[in-house]
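Below is one structure, written out as structure tokens; comments come after it.
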Amino acid sequence: MFPIEDFRADLHCHSFFSDGTLSPQQLINEALNRGLSALSITDHDSIEAYPEVLNKAEEKGLSMITGVEFSAMMDGCSVHILGYSFSHQHPSIKNLCTKHSLRRTSRNQQILEQLAKLQMPISDAELKEVAKNSSTIGRPHIALAMVQKGYAESIQEAFRKFIGDGKKAFVAGNPISVEETLETIHEAKGLAVIAHPHLLKNWELFNKLLKLPFDGIECFYSQFPLAEQQKWEEIAKKNGLLISGGSDFHGATKPQTPLGCSYINERLFQPLLDRYKENR
Ligand code: AMP
Ligand code: ZN
Ligand code: FE
Ligand code: FE
């Protein structure tokens with residue numbers, strides 16, 4: 001048994017503003033119930049949880065830094081980039097979120113058109129109903145609508161058969177580059193972290209990312225085995241990068257991944273907190 005750290009910071013989770021099922025307030029409560037000391041909500045391409053959530057966390061004694069998970073593309077491959085500690089007053093992050101929202105509206109439309117051609121019609125209204133509070137509507141919502149309409153048994157199956165990368169109803173949409181995403185995060189004085197590096201397509205892509213001005217790597221992720229954590233920690237140290245981590249909690253749509261199942265300790269959290277305090 002490993003001792004549970006006194007101080008645990010989970011820096012990767014999603015609220016209902018993207019594809020999570022809990023509200024930001026519920027995420028704070030869940031974090032406190034699980035004994036976490038610090039949290040960052042990292043919605044896909046959205047900072048709608050901020051700034052209100054910052055005061056709510058502070059009132060309850062939970063340390064919180066700003067966060068977001070941007071979808072980017074490089075060489076036709078998906079790259080998720082976590083932005084932390086940025087100033088939420090700075091317009092650049094919000095502007096990129098708006099750009100993503102426009103990109104998604106047209107891409108979702110194209111995916112629905114593909115599905116209709118495959119005799120699996122889903123109306124705009126039906127997709128909106130599934131997505132409820134989300135400002136970031138994406139494939140996870142389309143997959144859920146497909147399950148509800150009986151086109152697939154599960155979200156996994158919807159991805160595997162129809163909307164996963166390269167599948168029949170997949171549409172890449174207008175990609176936003178890694179470089180533009182890094183520039184945006186840095187303009188807002190934030191820190192840019194390579195999310196779940198093990199999900200990148202190959203080492204060639206990872207090594208290309210290492211040449212760009214990233215600030216950190218997500219070395220502790222979800223239910224990573226110890227050896228996997230150590231591998232990424234070593235790479236981060238060797239490259240002078242910050243070590244970050246979190247659960248990627250989504251709530252009821254990913255029940256096997258509880259909030260706080262991955263975290264960083266106080267020493268690793270300190271530089272992210274310091275940067276946040278400079279920008280507040
Ligand atoms: P999007 O941003 O609309 O392209 O959707 C990407 C999101 O879909 C990812 O962040 C994952 O949460 C989810 N996703 C991607 N591939 C799969 C899959 N094979 N099964 C279930 N969820 C997936
Ligand atoms: Zn997600
Ligand atoms: Fe991700
Ligand atoms: Fe995530």
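Residue numbers start at 1 in each chain; chains themselves are named A, B, ... in the order of the structure tokens; ligands are numbered from 1 in the order shown.
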
Exercise. Which polymer residues have any atom within 12 Å of an atom of A:Phe224, counting only C-alpha atoms, with same-chain residues fewer than 5 positions away left out, as number ranges by chain?
Worked result: A: 196-198, 218-219, 229-232, 245-248, 257, 261-263

For this session: Residues up to 12 Å from ligand 4, counting only C-alpha atoms and all ligand atoms: could you list those as a PyMOL selection string?
Result: chain A and resi 10-15+18-20+40-46+67-71+79-83+140+194-197+199+218+221-222+245-251+254+257

For this session: Name the residues of stretch 7-151 of chain A that fall into alpha helix (DSSP H) according to DSSP on the backbone, using the chain letters and numbers of this document, as a PyMOL selection string.
Result: chain A and resi 24-33+52-59+91-117+124-131+139-148

Exercise. Skipping near chain neighbours, those fewer than 3 positions away, what residues fall within 12 Å of A:Asp165 using only C-alpha atoms, listed as a VMD selection string?
Worked result: chain A and resid 76 to 78 111 139 158 to 162 168 to 173 201

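The environment of A:Leu191 within 9 Å, counting only C-alpha atoms and disregarding residues fewer than 6 places along the same chain, consists of Leu82, Gly83, Tyr84, Ser85, Phe86, Leu182, Ile185, Phe214, Asp215, Gly216, Leu272 and Arg275 of chain A.
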
Generate the output file for the selected residues, N, CA, C and O atoms, as a short mmCIF file (atom, residue, chain, number, x, y, z; two decimals), in the first residue's frame.
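Generated file (selection38.cif):
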data_model
loop_
_atom_site.label_atom_id
_atom_site.label_comp_id
_atom_site.auth_asym_id
_atom_site.auth_seq_id
_atom_site.Cartn_x
_atom_site.Cartn_y
_atom_site.Cartn_z
N LEU A 82 -3.53 21.08 -22.24
CA LEU A 82 -4.10 21.67 -21.03
C LEU A 82 -3.48 23.05 -20.82
O LEU A 82 -2.26 23.22 -20.93
N GLY A 83 -4.32 24.04 -20.55
CA GLY A 83 -3.83 25.38 -20.21
C GLY A 83 -4.17 25.63 -18.75
O GLY A 83 -5.28 25.33 -18.30
N TYR A 84 -3.20 26.12 -17.99
CA TYR A 84 -3.42 26.36 -16.56
C TYR A 84 -2.99 27.76 -16.15
O TYR A 84 -2.08 28.35 -16.77
N SER A 85 -3.57 28.22 -15.05
CA SER A 85 -3.08 29.41 -14.32
C SER A 85 -3.14 30.70 -15.12
O SER A 85 -2.58 31.70 -14.72
N PHE A 86 -3.82 30.67 -16.27
CA PHE A 86 -3.93 31.86 -17.10
C PHE A 86 -4.84 32.88 -16.42
O PHE A 86 -5.63 32.54 -15.53
N LEU A 182 -0.69 27.11 -28.25
CA LEU A 182 0.38 27.50 -27.32
C LEU A 182 0.50 29.02 -27.22
O LEU A 182 0.63 29.57 -26.13
N ILE A 185 -2.37 30.42 -25.05
CA ILE A 185 -2.21 30.16 -23.61
C ILE A 185 -1.13 31.08 -23.04
O ILE A 185 -1.29 31.67 -21.97
N PHE A 214 6.24 24.04 -24.86
CA PHE A 214 5.36 23.54 -23.79
C PHE A 214 6.02 23.80 -22.44
O PHE A 214 7.25 23.90 -22.34
N ASP A 215 5.19 23.88 -21.38
CA ASP A 215 5.71 24.11 -20.03
C ASP A 215 5.69 22.85 -19.19
O ASP A 215 6.36 22.78 -18.15
N GLY A 216 4.89 21.86 -19.59
CA GLY A 216 4.79 20.68 -18.75
C GLY A 216 4.17 19.48 -19.46
O GLY A 216 3.71 19.58 -20.60
N LEU A 272 2.46 25.96 -10.33
CA LEU A 272 1.21 26.29 -11.04
C LEU A 272 0.40 27.29 -10.22
O LEU A 272 -0.18 28.23 -10.76
N ARG A 275 2.05 30.79 -10.40
CA ARG A 275 1.74 31.48 -11.65
C ARG A 275 0.30 32.01 -11.62
O ARG A 275 0.02 33.13 -12.05
#

Problem set entry | 12 Å contact set for A:Ser106, only C-alpha atoms, chain neighbours under 2 positions out, as a list in words | Lys99, His100, Ser101, Leu102, Arg103, Arg104, Asn108, Gln109, Gln110, Ile111, Leu112, Glu113, Asp124, Ile137, Gly138, Val171, Ala172, Gly173, Asn174 and Pro175 of chain A

Exercise. Leaving out A:Phe7 and any residue of its chain fewer than 2 positions from it, which residues lie within 9 Å of it when counting only C-alpha atoms, given as a ChimeraX atom specification?
Worked result: /A:4-5,9,35-38,264-266

For this session: Mind the document's chain letters and residue numbers, and return as a list in words the residues of stretch 168-244 of chain A that DSSP labels strand (DSSP E).
Result: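 Residues of stretch 168-244 of chain A classed as strand (DSSP E): Leu191, Ala192, Val193, Ile194, Gly216, Ile217, Glu218, Cys219, Phe220, Tyr221, Leu242, Ile243 and Ser244 of chain A.
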
Grab the residues selected above and save them as an mmCIF file, in the first residue's frame with all heavy atoms.
data_model
loop_
_atom_site.group_PDB
_atom_site.id
_atom_site.type_symbol
_atom_site.label_atom_id
_atom_site.label_comp_id
_atom_site.auth_asym_id
_atom_site.auth_seq_id
_atom_site.Cartn_x
_atom_site.Cartn_y
_atom_site.Cartn_z
ATOM 1 N N LEU A 191 0.193 28.427 -18.446
ATOM 2 C CA LEU A 191 1.165 27.355 -18.652
ATOM 3 C C LEU A 191 0.516 26.279 -19.529
ATOM 4 O O LEU A 191 -0.647 25.925 -19.317
ATOM 5 C CB LEU A 191 1.560 26.749 -17.298
ATOM 6 C CG LEU A 191 2.273 27.729 -16.354
ATOM 7 C CD1 LEU A 191 2.268 27.204 -14.918
ATOM 8 C CD2 LEU A 191 3.709 27.970 -16.821
ATOM 9 N N ALA A 192 1.267 25.786 -20.518
ATOM 10 C CA ALA A 192 0.719 24.809 -21.463
ATOM 11 C C ALA A 192 1.305 23.427 -21.195
ATOM 12 O O ALA A 192 2.523 23.258 -21.118
ATOM 13 C CB ALA A 192 1.030 25.243 -22.891
ATOM 14 N N VAL A 193 0.411 22.445 -21.049
ATOM 15 C CA VAL A 193 0.823 21.093 -20.652
ATOM 16 C C VAL A 193 0.312 20.074 -21.677
ATOM 17 O O VAL A 193 -0.855 20.127 -22.085
ATOM 18 C CB VAL A 193 0.243 20.777 -19.242
ATOM 19 C CG1 VAL A 193 0.440 19.318 -18.872
ATOM 20 C CG2 VAL A 193 0.860 21.696 -18.178
ATOM 21 N N ILE A 194 1.181 19.152 -22.082
ATOM 22 C CA ILE A 194 0.766 18.078 -22.996
ATOM 23 C C ILE A 194 -0.127 17.114 -22.205
ATOM 24 O O ILE A 194 0.313 16.522 -21.218
ATOM 25 C CB ILE A 194 1.990 17.286 -23.531
ATOM 26 C CG1 ILE A 194 2.946 18.220 -24.286
ATOM 27 C CG2 ILE A 194 1.533 16.131 -24.435
ATOM 28 C CD1 ILE A 194 4.265 17.546 -24.715
ATOM 29 N N GLY A 216 4.887 21.855 -19.592
ATOM 30 C CA GLY A 216 4.790 20.677 -18.745
ATOM 31 C C GLY A 216 4.174 19.483 -19.463
ATOM 32 O O GLY A 216 3.707 19.583 -20.602
ATOM 33 N N ILE A 217 4.215 18.345 -18.783
ATOM 34 C CA ILE A 217 3.624 17.095 -19.282
ATOM 35 C C ILE A 217 2.707 16.532 -18.196
ATOM 36 O O ILE A 217 3.044 16.566 -17.004
ATOM 37 C CB ILE A 217 4.708 16.040 -19.612
ATOM 38 C CG1 ILE A 217 5.683 16.579 -20.669
ATOM 39 C CG2 ILE A 217 4.085 14.730 -20.097
ATOM 40 C CD1 ILE A 217 6.807 15.601 -21.018
ATOM 41 N N GLU A 218 1.564 16.005 -18.608
ATOM 42 C CA GLU A 218 0.659 15.346 -17.660
ATOM 43 C C GLU A 218 1.188 13.925 -17.408
ATOM 44 O O GLU A 218 0.956 13.010 -18.198
ATOM 45 C CB GLU A 218 -0.754 15.313 -18.247
ATOM 46 C CG GLU A 218 -1.793 14.828 -17.262
ATOM 47 C CD GLU A 218 -3.201 14.959 -17.822
ATOM 48 O OE1 GLU A 218 -3.447 14.510 -18.960
ATOM 49 O OE2 GLU A 218 -4.061 15.483 -17.116
ATOM 50 N N CYS A 219 1.921 13.778 -16.318
ATOM 51 C CA CYS A 219 2.619 12.514 -16.042
ATOM 52 C C CYS A 219 1.791 11.563 -15.178
ATOM 53 O O CYS A 219 2.053 10.360 -15.150
ATOM 54 C CB CYS A 219 3.928 12.796 -15.321
ATOM 55 S SG CYS A 219 5.049 13.852 -16.249
ATOM 56 N N PHE A 220 0.854 12.109 -14.438
ATOM 57 C CA PHE A 220 -0.033 11.297 -13.598
ATOM 58 C C PHE A 220 -1.409 11.420 -14.215
ATOM 59 O O PHE A 220 -1.965 12.510 -14.292
ATOM 60 C CB PHE A 220 -0.058 11.819 -12.157
ATOM 61 C CG PHE A 220 1.289 11.832 -11.501
ATOM 62 C CD1 PHE A 220 2.149 12.904 -11.667
ATOM 63 C CD2 PHE A 220 1.701 10.753 -10.721
ATOM 64 C CE1 PHE A 220 3.397 12.916 -11.068
ATOM 65 C CE2 PHE A 220 2.951 10.763 -10.124
ATOM 66 C CZ PHE A 220 3.804 11.843 -10.297
ATOM 67 N N TYR A 221 -1.956 10.303 -14.667
ATOM 68 C CA TYR A 221 -3.219 10.386 -15.412
ATOM 69 C C TYR A 221 -4.117 9.203 -15.099
ATOM 70 O O TYR A 221 -3.680 8.044 -15.183
ATOM 71 C CB TYR A 221 -2.931 10.424 -16.914
ATOM 72 C CG TYR A 221 -4.184 10.470 -17.766
ATOM 73 C CD1 TYR A 221 -4.896 11.659 -17.923
ATOM 74 C CD2 TYR A 221 -4.669 9.322 -18.381
ATOM 75 C CE1 TYR A 221 -6.049 11.703 -18.683
ATOM 76 C CE2 TYR A 221 -5.826 9.356 -19.147
ATOM 77 C CZ TYR A 221 -6.510 10.552 -19.299
ATOM 78 O OH TYR A 221 -7.657 10.603 -20.043
ATOM 79 N N LEU A 242 7.473 20.980 -16.306
ATOM 80 C CA LEU A 242 6.668 20.765 -15.102
ATOM 81 C C LEU A 242 5.979 19.402 -15.187
ATOM 82 O O LEU A 242 5.667 18.916 -16.275
ATOM 83 C CB LEU A 242 5.581 21.843 -14.984
ATOM 84 C CG LEU A 242 6.028 23.279 -14.751
ATOM 85 C CD1 LEU A 242 4.824 24.220 -14.884
ATOM 86 C CD2 LEU A 242 6.662 23.416 -13.369
ATOM 87 N N ILE A 243 5.739 18.833 -14.011
ATOM 88 C CA ILE A 243 5.037 17.548 -13.912
ATOM 89 C C ILE A 243 3.624 17.832 -13.423
ATOM 90 O O ILE A 243 3.436 18.413 -12.358
ATOM 91 C CB ILE A 243 5.781 16.618 -12.940
ATOM 92 C CG1 ILE A 243 7.105 16.190 -13.566
ATOM 93 C CG2 ILE A 243 4.923 15.420 -12.555
ATOM 94 C CD1 ILE A 243 8.087 15.575 -12.593
ATOM 95 N N SER A 244 2.639 17.465 -14.244
ATOM 96 C CA SER A 244 1.256 17.720 -13.852
ATOM 97 C C SER A 244 0.484 16.409 -13.804
ATOM 98 O O SER A 244 1.009 15.350 -14.190
ATOM 99 C CB SER A 244 0.635 18.695 -14.844
ATOM 100 O OG SER A 244 -0.724 18.863 -14.536
#

Exercise. Pick from A:Leu268, A:Ser134, A:Val147, A:Leu273: nearest to ligand 2, with only C-alpha atoms and all ligand atoms counted?
Worked result: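 Under the stated criterion, the closest residue is A:Ser134.
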
Problem set entry | Closest of A:Leu115, A:Lys128, A:Gln89, A:Ile142 to ligand 1 - atom-to-atom distances counting only C-alpha atoms and all ligand atoms |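 Of A:Leu115, A:Lys128, A:Gln89, A:Ile142, the one nearest ligand 1, counting only C-alpha atoms and all ligand atoms, is A:Ile142.
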
Seminar exercise, completed: In terms of only C-alpha atoms and all ligand atoms, the residue from A:Ala72, A:His141, A:Ile122, A:Gly260 at minimal distance from ligand 3 is A:Ala72

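Nearest residue to ligand 1 among A:Gly166, A:Pro225, A:Pro213, A:Gly190 is A:Gly166, counting only C-alpha atoms and all ligand atoms.
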